[in-house]
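File shown here: coords_38.cif, holding mmCIF, C-alpha atoms and all ligand atoms.
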```
data_structure
#
loop_
_atom_site.group_PDB
_atom_site.id
_atom_site.type_symbol
_atom_site.label_atom_id
_atom_site.label_comp_id
_atom_site.auth_asym_id
_atom_site.auth_seq_id
_atom_site.Cartn_x
_atom_site.Cartn_y
_atom_site.Cartn_z
ATOM 1 C CA MET A 29 53.060 245.016 122.416
ATOM 2 C CA ARG A 30 50.654 242.762 124.272
ATOM 3 C CA ILE A 31 50.896 239.264 122.868
ATOM 4 C CA GLY A 32 49.191 236.012 123.856
ATOM 5 C CA ALA A 33 51.000 232.689 124.085
ATOM 6 C CA ILE A 34 49.791 229.096 124.405
ATOM 7 C CA GLU A 35 52.079 226.208 125.271
ATOM 8 C CA ALA A 36 49.787 223.280 124.609
ATOM 9 C CA GLY A 37 51.242 220.077 126.044
ATOM 10 C CA GLY A 38 49.796 216.600 126.189
ATOM 11 C CA THR A 39 49.777 216.798 129.998
ATOM 12 C CA LYS A 40 49.182 220.489 130.651
ATOM 13 C CA PHE A 41 48.341 223.738 128.925
ATOM 14 C CA VAL A 42 50.039 227.013 129.804
ATOM 15 C CA CYS A 43 48.510 230.285 128.604
ATOM 16 C CA GLY A 44 50.270 233.599 129.031
ATOM 17 C CA ILE A 45 50.514 237.239 128.083
ATOM 18 C CA GLY A 46 53.873 238.728 127.236
ATOM 19 C CA ASP A 47 55.645 241.353 125.195
ATOM 20 C CA GLU A 48 58.211 241.708 122.404
ATOM 21 C CA THR A 49 61.129 241.486 124.846
ATOM 22 C CA GLY A 50 60.142 237.959 125.883
ATOM 23 C CA ALA A 51 58.841 239.059 129.278
ATOM 24 C CA ILE A 52 55.834 237.083 130.543
ATOM 25 C CA ILE A 53 53.400 239.379 132.342
ATOM 26 C CA GLU A 54 50.740 236.875 133.318
ATOM 27 C CA ARG A 55 50.237 233.123 133.080
ATOM 28 C CA VAL A 56 47.892 230.299 133.990
ATOM 29 C CA SER A 57 48.278 226.549 133.737
ATOM 30 C CA PHE A 58 45.734 223.719 133.753
ATOM 31 C CA PRO A 59 45.683 220.014 132.890
ATOM 32 C CA THR A 60 44.962 218.929 129.311
ATOM 33 C CA GLU A 61 41.518 217.347 129.266
ATOM 34 C CA LEU A 62 39.097 216.853 126.368
ATOM 35 C CA PRO A 63 39.306 219.688 123.795
ATOM 36 C CA GLU A 64 35.930 221.203 124.814
ATOM 37 C CA GLN A 65 36.893 221.600 128.474
ATOM 38 C CA THR A 66 40.454 222.665 127.759
ATOM 39 C CA MET A 67 39.519 225.170 125.059
ATOM 40 C CA SER A 68 36.835 226.795 127.156
ATOM 41 C CA ARG A 69 39.547 227.603 129.741
ATOM 42 C CA VAL A 70 41.850 228.898 127.002
ATOM 43 C CA LEU A 71 39.134 231.134 125.543
ATOM 44 C CA ALA A 72 38.162 232.387 129.008
ATOM 45 C CA PHE A 73 41.788 233.317 129.756
ATOM 46 C CA PHE A 74 42.243 235.457 126.628
ATOM 47 C CA GLU A 75 38.746 236.997 126.694
ATOM 48 C CA GLY A 76 39.009 240.767 127.164
ATOM 49 C CA LYS A 77 42.822 240.680 127.458
ATOM 50 C CA GLY A 78 43.273 242.861 124.369
ATOM 51 C CA VAL A 79 46.112 240.907 122.776
ATOM 52 C CA GLU A 80 47.447 241.988 119.363
ATOM 53 C CA ALA A 81 48.329 238.439 118.306
ATOM 54 C CA ILE A 82 48.513 234.927 119.755
ATOM 55 C CA GLY A 83 51.274 232.366 119.286
ATOM 56 C CA ILE A 84 50.512 228.670 119.710
ATOM 57 C CA GLY A 85 53.118 225.964 120.218
ATOM 58 C CA THR A 86 51.328 222.653 120.539
ATOM 59 C CA PHE A 87 51.764 218.916 120.963
ATOM 60 C CA GLY A 88 51.110 217.096 117.739
ATOM 61 C CA PRO A 89 51.329 215.863 115.183
ATOM 62 C CA ILE A 90 49.658 218.931 113.675
ATOM 63 C CA GLY A 91 48.778 220.287 110.237
ATOM 64 C CA LEU A 92 51.130 223.103 109.218
ATOM 65 C CA ASP A 93 50.559 223.219 105.461
ATOM 66 C CA GLN A 94 47.981 225.886 104.584
ATOM 67 C CA SER A 95 47.100 224.129 101.350
ATOM 68 C CA ARG A 96 45.948 221.004 103.160
ATOM 69 C CA ALA A 97 42.585 220.286 104.768
ATOM 70 C CA ASP A 98 44.248 219.390 108.095
ATOM 71 C CA TYR A 99 45.897 222.827 108.470
ATOM 72 C CA GLY A 100 45.447 224.097 112.021
ATOM 73 C CA GLN A 101 44.394 220.713 113.374
ATOM 74 C CA VAL A 102 45.916 218.264 115.795
ATOM 75 C CA THR A 103 46.091 215.203 113.545
ATOM 76 C CA THR A 104 46.922 211.605 114.513
ATOM 77 C CA THR A 105 47.382 211.865 118.278
ATOM 78 C CA PRO A 106 46.186 208.961 120.432
ATOM 79 C CA LYS A 107 45.087 211.570 123.002
ATOM 80 C CA PRO A 108 41.315 211.076 123.461
ATOM 81 C CA GLY A 109 39.222 213.678 121.639
ATOM 82 C CA TRP A 110 42.116 215.581 120.095
ATOM 83 C CA SER A 111 42.662 213.696 116.845
ATOM 84 C CA GLY A 112 41.226 215.887 114.086
ATOM 85 C CA PHE A 113 40.449 218.738 116.482
ATOM 86 C CA ASP A 114 40.552 222.145 114.745
ATOM 87 C CA PHE A 115 42.654 223.956 117.351
ATOM 88 C CA LEU A 116 43.645 226.966 115.265
ATOM 89 C CA GLY A 117 40.165 227.310 113.740
ATOM 90 C CA THR A 118 38.584 227.347 117.199
ATOM 91 C CA MET A 119 40.938 230.131 118.275
ATOM 92 C CA LYS A 120 40.412 232.131 115.097
ATOM 93 C CA GLN A 121 36.668 231.983 115.528
ATOM 94 C CA ALA A 122 36.959 233.518 118.988
ATOM 95 C CA PHE A 123 39.702 236.126 118.393
ATOM 96 C CA ASN A 124 40.168 238.247 115.310
ATOM 97 C CA VAL A 125 43.955 238.625 115.596
ATOM 98 C CA PRO A 126 46.952 237.192 113.711
ATOM 99 C CA PHE A 127 48.105 233.774 114.916
ATOM 100 C CA GLY A 128 51.429 231.990 115.065
ATOM 101 C CA TRP A 129 50.995 228.223 114.819
ATOM 102 C CA ASP A 130 53.660 225.538 115.157
ATOM 103 C CA THR A 131 54.706 222.474 117.113
ATOM 104 C CA ASP A 132 55.674 222.877 120.776
ATOM 105 C CA VAL A 133 59.267 221.962 119.992
ATOM 106 C CA ASN A 134 59.558 224.228 116.961
ATOM 107 C CA ALA A 135 58.177 227.024 119.134
ATOM 108 C CA ALA A 136 60.781 226.273 121.808
ATOM 109 C CA ALA A 137 63.575 226.221 119.204
ATOM 110 C CA TYR A 138 62.366 229.585 117.916
ATOM 111 C CA GLY A 139 62.136 231.125 121.387
ATOM 112 C CA GLU A 140 65.664 229.914 122.142
ATOM 113 C CA ALA A 141 66.893 231.447 118.869
ATOM 114 C CA ILE A 142 65.272 234.820 119.614
ATOM 115 C CA TRP A 143 65.828 235.140 123.386
ATOM 116 C CA GLY A 144 67.617 232.055 124.701
ATOM 117 C CA ALA A 145 70.668 229.841 124.277
ATOM 118 C CA ALA A 146 70.802 230.239 120.469
ATOM 119 C CA ARG A 147 70.276 234.012 120.494
ATOM 120 C CA GLY A 148 72.007 235.652 117.536
ATOM 121 C CA LEU A 149 72.485 232.347 115.699
ATOM 122 C CA ASP A 150 70.487 231.396 112.631
ATOM 123 C CA SER A 151 70.222 227.697 113.431
ATOM 124 C CA CYS A 152 69.585 225.419 116.380
ATOM 125 C CA VAL A 153 68.012 222.109 117.239
ATOM 126 C CA TYR A 154 65.821 221.809 120.337
ATOM 127 C CA TYR A 155 65.098 218.431 121.953
ATOM 128 C CA THR A 156 62.571 217.862 124.674
ATOM 129 C CA ILE A 157 63.117 214.628 126.566
ATOM 130 C CA GLY A 158 60.088 214.152 128.770
ATOM 131 C CA THR A 159 56.961 211.991 128.513
ATOM 132 C CA GLY A 160 57.875 211.763 124.839
ATOM 133 C CA ILE A 161 60.786 213.027 122.780
ATOM 134 C CA GLY A 162 60.282 215.876 120.315
ATOM 135 C CA VAL A 163 62.666 217.834 118.141
ATOM 136 C CA GLY A 164 62.315 221.379 116.862
ATOM 137 C CA VAL A 165 64.502 222.484 113.976
ATOM 138 C CA TYR A 166 65.443 226.080 113.174
ATOM 139 C CA THR A 167 67.777 226.590 110.255
ATOM 140 C CA GLU A 168 68.875 229.517 108.041
ATOM 141 C CA GLY A 169 66.615 231.673 110.210
ATOM 142 C CA ARG A 170 63.448 229.589 109.654
ATOM 143 C CA LEU A 171 61.599 226.785 111.365
ATOM 144 C CA VAL A 172 61.581 223.560 109.374
ATOM 145 C CA HIS A 173 58.168 222.176 108.379
ATOM 146 C CA GLY A 174 58.802 220.323 105.123
ATOM 147 C CA LEU A 175 56.305 217.594 104.296
ATOM 148 C CA VAL A 176 54.654 217.521 107.753
ATOM 149 C CA HIS A 177 57.176 218.535 110.425
ATOM 150 C CA PRO A 178 60.246 216.820 111.827
ATOM 151 C CA GLU A 179 59.549 213.892 114.198
ATOM 152 C CA GLY A 180 63.087 213.363 115.390
ATOM 153 C CA GLY A 181 61.958 211.705 118.620
ATOM 154 C CA HIS A 182 61.197 208.552 116.658
ATOM 155 C CA VAL A 183 64.485 208.034 114.852
ATOM 156 C CA LEU A 184 65.995 204.588 115.156
ATOM 157 C CA THR A 185 68.982 204.125 117.422
ATOM 158 C CA ARG A 186 71.573 201.455 117.888
ATOM 159 C CA ARG A 187 70.890 199.386 120.984
ATOM 160 C CA HIS A 188 73.182 199.613 124.006
ATOM 161 C CA PRO A 189 74.941 196.224 124.351
ATOM 162 C CA GLU A 190 73.783 195.839 127.962
ATOM 163 C CA ASP A 191 70.203 196.971 127.381
ATOM 164 C CA HIS A 192 67.546 194.266 127.306
ATOM 165 C CA PHE A 193 64.543 196.587 127.488
ATOM 166 C CA ALA A 194 62.221 195.957 124.521
ATOM 167 C CA GLY A 195 61.293 199.637 124.088
ATOM 168 C CA CYS A 196 57.862 201.173 124.629
ATOM 169 C CA CYS A 197 56.958 203.304 121.605
ATOM 170 C CA PRO A 198 53.469 202.156 120.522
ATOM 171 C CA TYR A 199 54.481 202.675 116.879
ATOM 172 C CA HIS A 200 58.111 201.521 116.714
ATOM 173 C CA GLY A 201 59.014 199.755 119.947
ATOM 174 C CA ASP A 202 62.685 200.590 120.311
ATOM 175 C CA CYS A 203 62.960 203.964 118.555
ATOM 176 C CA LEU A 204 64.646 206.832 120.440
ATOM 177 C CA GLU A 205 61.454 207.766 122.320
ATOM 178 C CA GLY A 206 60.734 204.094 123.068
ATOM 179 C CA MET A 207 64.211 203.723 124.597
ATOM 180 C CA ALA A 208 64.990 207.090 126.158
ATOM 181 C CA ALA A 209 61.888 209.113 127.105
ATOM 182 C CA GLY A 210 60.806 209.279 130.764
ATOM 183 C CA PRO A 211 58.407 206.300 130.576
ATOM 184 C CA ALA A 212 61.135 204.114 128.991
ATOM 185 C CA ILE A 213 63.510 204.904 131.866
ATOM 186 C CA GLU A 214 60.789 204.142 134.390
ATOM 187 C CA GLN A 215 59.829 200.829 132.746
ATOM 188 C CA ARG A 216 63.421 199.675 132.222
ATOM 189 C CA TRP A 217 64.532 200.305 135.809
ATOM 190 C CA GLN A 218 61.139 199.919 137.510
ATOM 191 C CA THR A 219 61.745 203.287 139.191
ATOM 192 C CA LYS A 220 60.829 206.844 138.222
ATOM 193 C CA GLY A 221 63.778 208.659 136.612
ATOM 194 C CA SER A 222 63.556 211.400 139.222
ATOM 195 C CA GLU A 223 64.223 208.795 141.918
ATOM 196 C CA LEU A 224 67.327 207.256 140.331
ATOM 197 C CA GLY A 225 70.592 208.528 141.844
ATOM 198 C CA ALA A 226 73.039 210.531 139.746
ATOM 199 C CA ASP A 227 75.463 207.577 139.675
ATOM 200 C CA HIS A 228 72.859 205.007 138.551
ATOM 201 C CA PRO A 229 73.731 203.013 135.388
ATOM 202 C CA ALA A 230 70.523 204.406 133.849
ATOM 203 C CA TRP A 231 72.303 207.642 133.016
ATOM 204 C CA PRO A 232 75.266 206.456 130.928
ATOM 205 C CA MET A 233 72.760 204.332 128.988
ATOM 206 C CA GLU A 234 70.456 207.337 128.565
ATOM 207 C CA ALA A 235 73.414 209.429 127.377
ATOM 208 C CA PHE A 236 74.327 206.702 124.878
ATOM 209 C CA TYR A 237 70.886 207.024 123.235
ATOM 210 C CA ILE A 238 70.577 210.797 123.382
ATOM 211 C CA GLY A 239 74.164 211.074 122.194
ATOM 212 C CA GLN A 240 73.265 209.085 119.081
ATOM 213 C CA ALA A 241 70.333 211.352 118.318
ATOM 214 C CA VAL A 242 72.431 214.488 118.774
ATOM 215 C CA THR A 243 75.217 213.006 116.650
ATOM 216 C CA SER A 244 72.713 212.347 113.847
ATOM 217 C CA ALA A 245 71.294 215.857 114.162
ATOM 218 C CA VAL A 246 74.801 217.315 113.901
ATOM 219 C CA LEU A 247 75.530 215.192 110.822
ATOM 220 C CA LEU A 248 72.194 215.893 109.110
ATOM 221 C CA LEU A 249 71.497 219.510 109.961
ATOM 222 C CA SER A 250 74.791 221.003 111.121
ATOM 223 C CA PRO A 251 73.078 223.191 113.753
ATOM 224 C CA GLN A 252 75.027 225.973 115.475
ATOM 225 C CA LYS A 253 73.578 224.988 118.861
ATOM 226 C CA VAL A 254 71.948 221.889 120.342
ATOM 227 C CA ILE A 255 69.536 222.553 123.197
ATOM 228 C CA LEU A 256 68.305 219.724 125.425
ATOM 229 C CA GLY A 257 65.244 220.353 127.590
ATOM 230 C CA GLY A 258 62.353 218.427 129.177
ATOM 231 C CA GLY A 259 61.912 216.696 132.527
ATOM 232 C CA VAL A 260 64.583 214.029 132.033
ATOM 233 C CA MET A 261 67.230 216.691 131.358
ATOM 234 C CA HIS A 262 66.748 217.952 134.905
ATOM 235 C CA GLN A 263 69.342 215.221 135.549
ATOM 236 C CA GLU A 264 72.214 217.630 135.006
ATOM 237 C CA GLN A 265 74.871 214.901 135.120
ATOM 238 C CA LEU A 266 73.556 213.850 131.692
ATOM 239 C CA PHE A 267 75.037 216.887 129.958
ATOM 240 C CA PRO A 268 78.739 215.982 130.328
ATOM 241 C CA MET A 269 77.927 212.334 129.521
ATOM 242 C CA ILE A 270 76.047 213.293 126.356
ATOM 243 C CA ARG A 271 78.833 215.653 125.246
ATOM 244 C CA GLN A 272 81.342 212.816 125.689
ATOM 245 C CA GLU A 273 79.123 210.426 123.720
ATOM 246 C CA VAL A 274 78.754 212.888 120.855
ATOM 247 C CA LYS A 275 82.514 213.455 120.714
ATOM 248 C CA LYS A 276 83.106 209.711 120.787
ATOM 249 C CA GLN A 277 80.492 208.926 118.157
ATOM 250 C CA LEU A 278 81.589 211.714 115.777
ATOM 251 C CA ASN A 279 85.176 210.572 116.302
ATOM 252 C CA GLY A 280 86.629 213.833 115.025
ATOM 253 C CA TYR A 281 84.964 213.554 111.612
ATOM 254 C CA VAL A 282 83.243 216.955 111.697
ATOM 255 C CA SER A 283 85.805 219.647 112.255
ATOM 256 C CA ALA A 284 84.571 222.498 114.461
ATOM 257 C CA VAL A 285 85.763 223.850 117.779
ATOM 258 C CA GLN A 286 82.122 223.562 118.980
ATOM 259 C CA LEU A 287 82.441 219.780 118.689
ATOM 260 C CA ALA A 288 85.781 219.695 120.491
ATOM 261 C CA ASP A 289 87.081 222.143 123.111
ATOM 262 C CA ASP A 290 83.881 224.247 123.114
ATOM 263 C CA ILE A 291 81.355 221.423 123.294
ATOM 264 C CA GLU A 292 80.253 222.627 126.742
ATOM 265 C CA SER A 293 78.741 225.716 125.170
ATOM 266 C CA TYR A 294 77.411 223.766 122.158
ATOM 267 C CA ILE A 295 75.193 221.136 123.818
ATOM 268 C CA VAL A 296 73.337 223.097 126.476
ATOM 269 C CA PRO A 297 70.148 223.341 128.546
ATOM 270 C CA PRO A 298 67.488 225.843 127.419
ATOM 271 C CA GLY A 299 68.580 229.427 128.051
ATOM 272 C CA LEU A 300 64.948 230.170 128.893
ATOM 273 C CA GLY A 301 64.813 227.258 131.351
ATOM 274 C CA ASP A 302 61.344 225.871 131.927
ATOM 275 C CA ASN A 303 59.929 228.958 130.163
ATOM 276 C CA ALA A 304 61.266 227.773 126.779
ATOM 277 C CA GLY A 305 57.869 226.460 125.646
ATOM 278 C CA LEU A 306 55.780 229.464 126.653
ATOM 279 C CA CYS A 307 58.402 231.994 125.489
ATOM 280 C CA GLY A 308 58.594 230.103 122.200
ATOM 281 C CA ALA A 309 54.846 230.469 121.713
ATOM 282 C CA LEU A 310 55.198 234.145 122.637
ATOM 283 C CA ALA A 311 57.953 234.544 120.015
ATOM 284 C CA LEU A 312 55.634 233.006 117.396
ATOM 285 C CA GLY A 313 52.947 235.488 118.442
ATOM 286 C CA VAL A 314 55.339 238.443 118.179
ATOM 287 C CA ALA A 315 56.372 237.279 114.695
ATOM 288 C CA ALA A 316 52.698 236.966 113.669
ATOM 289 C CA ALA A 317 51.964 240.502 114.923
ATOM 290 C CA ARG A 318 54.906 241.856 112.913
ATOM 291 C CA ARG A 319 53.822 240.114 109.701
ATOM 292 C CA VAL A 320 50.668 242.254 109.428
HETATM 293 P P1 LIG A 401 55.947 216.537 129.429
HETATM 294 O O1 LIG A 401 56.904 215.830 128.523
HETATM 295 O O2 LIG A 401 54.789 215.689 129.843
HETATM 296 O O3 LIG A 401 55.535 217.883 128.910
HETATM 297 P P2 LIG A 401 58.187 216.833 131.266
HETATM 298 O O4 LIG A 401 59.099 217.453 130.261
HETATM 299 O O5 LIG A 401 58.234 217.368 132.660
HETATM 300 O O6 LIG A 401 56.685 216.873 130.814
HETATM 301 O O7 LIG A 401 58.559 215.297 131.303
HETATM 302 C C1 LIG A 401 57.953 214.383 132.156
HETATM 303 C C2 LIG A 401 58.799 213.106 132.149
HETATM 304 O O8 LIG A 401 60.112 213.398 132.625
HETATM 305 C C3 LIG A 401 58.260 212.001 133.046
HETATM 306 O O9 LIG A 401 58.415 210.746 132.395
HETATM 307 C C4 LIG A 401 59.134 212.074 134.288
HETATM 308 O O10 LIG A 401 59.304 210.809 134.892
HETATM 309 C C5 LIG A 401 60.448 212.583 133.739
HETATM 310 N N1 LIG A 401 61.137 213.426 134.726
HETATM 311 C C6 LIG A 401 60.665 214.547 135.298
HETATM 312 N N2 LIG A 401 61.553 215.064 136.167
HETATM 313 C C7 LIG A 401 62.633 214.232 136.137
HETATM 314 C C8 LIG A 401 63.891 214.212 136.800
HETATM 315 N N3 LIG A 401 64.231 215.150 137.699
HETATM 316 N N4 LIG A 401 64.735 213.200 136.495
HETATM 317 C C9 LIG A 401 64.412 212.258 135.603
HETATM 318 N N5 LIG A 401 63.249 212.215 134.956
HETATM 319 C C10 LIG A 401 62.360 213.185 135.218
HETATM 320 ZN ZN ZN A 402 58.546 205.762 117.947
#
```

Take the structure from the file and write it as structure tokens.
Amino acid sequence: MRIGAIEAGGTKFVCGIGDETGAIIERVSFPTELPEQTMSRVLAFFEGKGVEAIGIGTFGPIGLDQSRADYGQVTTTPKPGWSGFDFLGTMKQAFNVPFGWDTDVNAAAYGEAIWGAARGLDSCVYYTIGTGIGVGVYTEGRLVHGLVHPEGGHVLTRRHPEDHFAGCCPYHGDCLEGMAAGPAIEQRWQTKGSELGADHPAWPMEAFYIGQAVTSAVLLLSPQKVILGGGVMHQEQLFPMIRQEVKKQLNGYVSAVQLADDIESYIVPPGLGDNAGLCGALALGVAAARRV
């Protein structure tokens, strides 16, 4: 199989060609600009490549419900030019192949379930903690869409007693993203997260917030694996801190070895590493090719 994949991020787009084993054969990356400029590069990349299907995992929010007029569109993003843009329609007009279409984080969760850290399991939750926070949910062997799609980056969290940062989510102020995404870390400590040492007090505080989100995900969805990716999670010292927080916050209430002695293999980085997004889009493309 020769399958196309698009990881459409708010900062950069990655387009690739891969196969049904998850191998990426070719890729390009370029910054996300206005839709016209960005899409002309996307169309040029796939032109003449002979792909059987294309999977798209994109920043959102997006329309996923085929019965609604906003299906295939990027909907309420503040990103200039993209709100209301018919992403899927533009692709369909150019290429007569089946498409997979989902959020970037759902795509990553799916890729991890097929080829990565949740391989062989029928549920997982994937968090990206980067410029924003997004959550992909895979359960009973399916990606969750529901009414729109999960927006678990904006759940409310309990404030850390020593945290006086107001929060920077333009919609909610001190929601999870407003307190724990990369820009929140940078604004709170007046230093880029990548420049804060591993023993800086930023990290226990960060783990306190992410730990709450993971605890809620465990309580609500009971996933078999929790995968934490995105730029901020390059701070590897966060993993043991987050595992400790989750254990502390659950306080033994949910009984599973994965939440006790085996928590190290339960809350993990992406098995596909920084390829999780593109491989996820590829997995959506493979699934679309197999549906026809
Ligand atoms: P995006 O979310 O834009 O797709 P990333 O997942 O790379 O991209 O996230 C970028 C955010 O992560 C920025 O806010 C950046 O400051 C932060 N970040 C990137 N690398 C690190 C690092 N090593 N440590 C802490 N924060 C980081
Ligand atoms: Zn928010």

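Minimum distance to ligand LIG 401 (chain A) across A:Phe267, A:Phe123, A:Tyr99, A:Phe87 (counting all atoms listed in the file) occurs at A:Phe87.
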
### Message
Which residues are near Thr159 in chain A? Cut-off 8 Å, only C-alpha atoms, ignore same chain within fewer than 6 positions. Put them as a ChimeraX atom specification.
### Response
/A:209-211,259

### Task
Quick one: everything within 10 Å of Ser250 in chain A, counting all atoms listed in the file, minus sequence neighbours fewer than 3 positions away in the same chain. Send it as a PyMOL selection string.
chain A and resi 151-153+167+243-247+253-254+282

### Task
Quick one: everything within 8 Å of Thr104 in chain A, counting only C-alpha atoms, minus sequence neighbours fewer than 2 positions away in the same chain. Send it as an MDAnalysis selection string.
chainID A and resid 88:90 102 106 111:112

### Distance criterion (all atoms listed in the file): nearest to ligand LIG 401 (chain A) out of A:His192, A:Lys220, A:Lys107, A:Arg55
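Closest candidate: A:Lys220.
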
### Message
When you count all atoms listed in the file, which of these residues is closest to ligand ZN 402 (chain A): A:Asp47, A:Glu179, A:Asp114, A:Glu54?
### Response
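Between A:Asp47, A:Glu179, A:Asp114, A:Glu54, the residue approaching ligand ZN 402 (chain A) most closely is A:Glu179.
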
Any chance you could tabulate, as a Markdown table, the residues of chain A at most 12 Å from ligand ZN 402 (chain A) with each one's nearest atom pair and distance in Å to one decimal, using all atoms listed in the file, in chain and rising number order?
```
| residue | atom | partner | partner_atom | distance |
| --- | --- | --- | --- | --- |
| A:Gly160 | CA | A:ZN402 | ZN | 9.2 |
| A:Ile161 | CA | A:ZN402 | ZN | 9.0 |
| A:Gly162 | CA | A:ZN402 | ZN | 10.5 |
| A:Glu179 | CA | A:ZN402 | ZN | 9.0 |
| A:Gly180 | CA | A:ZN402 | ZN | 9.2 |
| A:Gly181 | CA | A:ZN402 | ZN | 6.9 |
| A:His182 | CA | A:ZN402 | ZN | 4.1 |
| A:Val183 | CA | A:ZN402 | ZN | 7.1 |
| A:Leu184 | CA | A:ZN402 | ZN | 8.0 |
| A:Thr185 | CA | A:ZN402 | ZN | 10.6 |
| A:Gly195 | CA | A:ZN402 | ZN | 9.1 |
| A:Cys196 | CA | A:ZN402 | ZN | 8.1 |
| A:Cys197 | CA | A:ZN402 | ZN | 4.7 |
| A:Pro198 | CA | A:ZN402 | ZN | 6.7 |
| A:Tyr199 | CA | A:ZN402 | ZN | 5.2 |
| A:His200 | CA | A:ZN402 | ZN | 4.4 |
| A:Gly201 | CA | A:ZN402 | ZN | 6.3 |
| A:Asp202 | CA | A:ZN402 | ZN | 7.0 |
| A:Cys203 | CA | A:ZN402 | ZN | 4.8 |
| A:Leu204 | CA | A:ZN402 | ZN | 6.7 |
| A:Glu205 | CA | A:ZN402 | ZN | 5.6 |
| A:Gly206 | CA | A:ZN402 | ZN | 5.8 |
| A:Met207 | CA | A:ZN402 | ZN | 9.0 |
| A:Ala208 | CA | A:ZN402 | ZN | 10.5 |
| A:Ala209 | CA | A:ZN402 | ZN | 10.3 |
| A:Ala212 | CA | A:ZN402 | ZN | 11.5 |
```

#### Entry: Expected selection from the PyMOL selection byres (((chain A and resi 100) around 12) and not hetatm), given as JSON, numbers by chain
{"A": [84, 85, 86, 88, 89, 90, 91, 92, 93, 94, 95, 96, 97, 98, 99, 101, 102, 103, 111, 112, 113, 114, 115, 116, 117, 118, 119, 120, 127, 128, 129, 130, 131]}
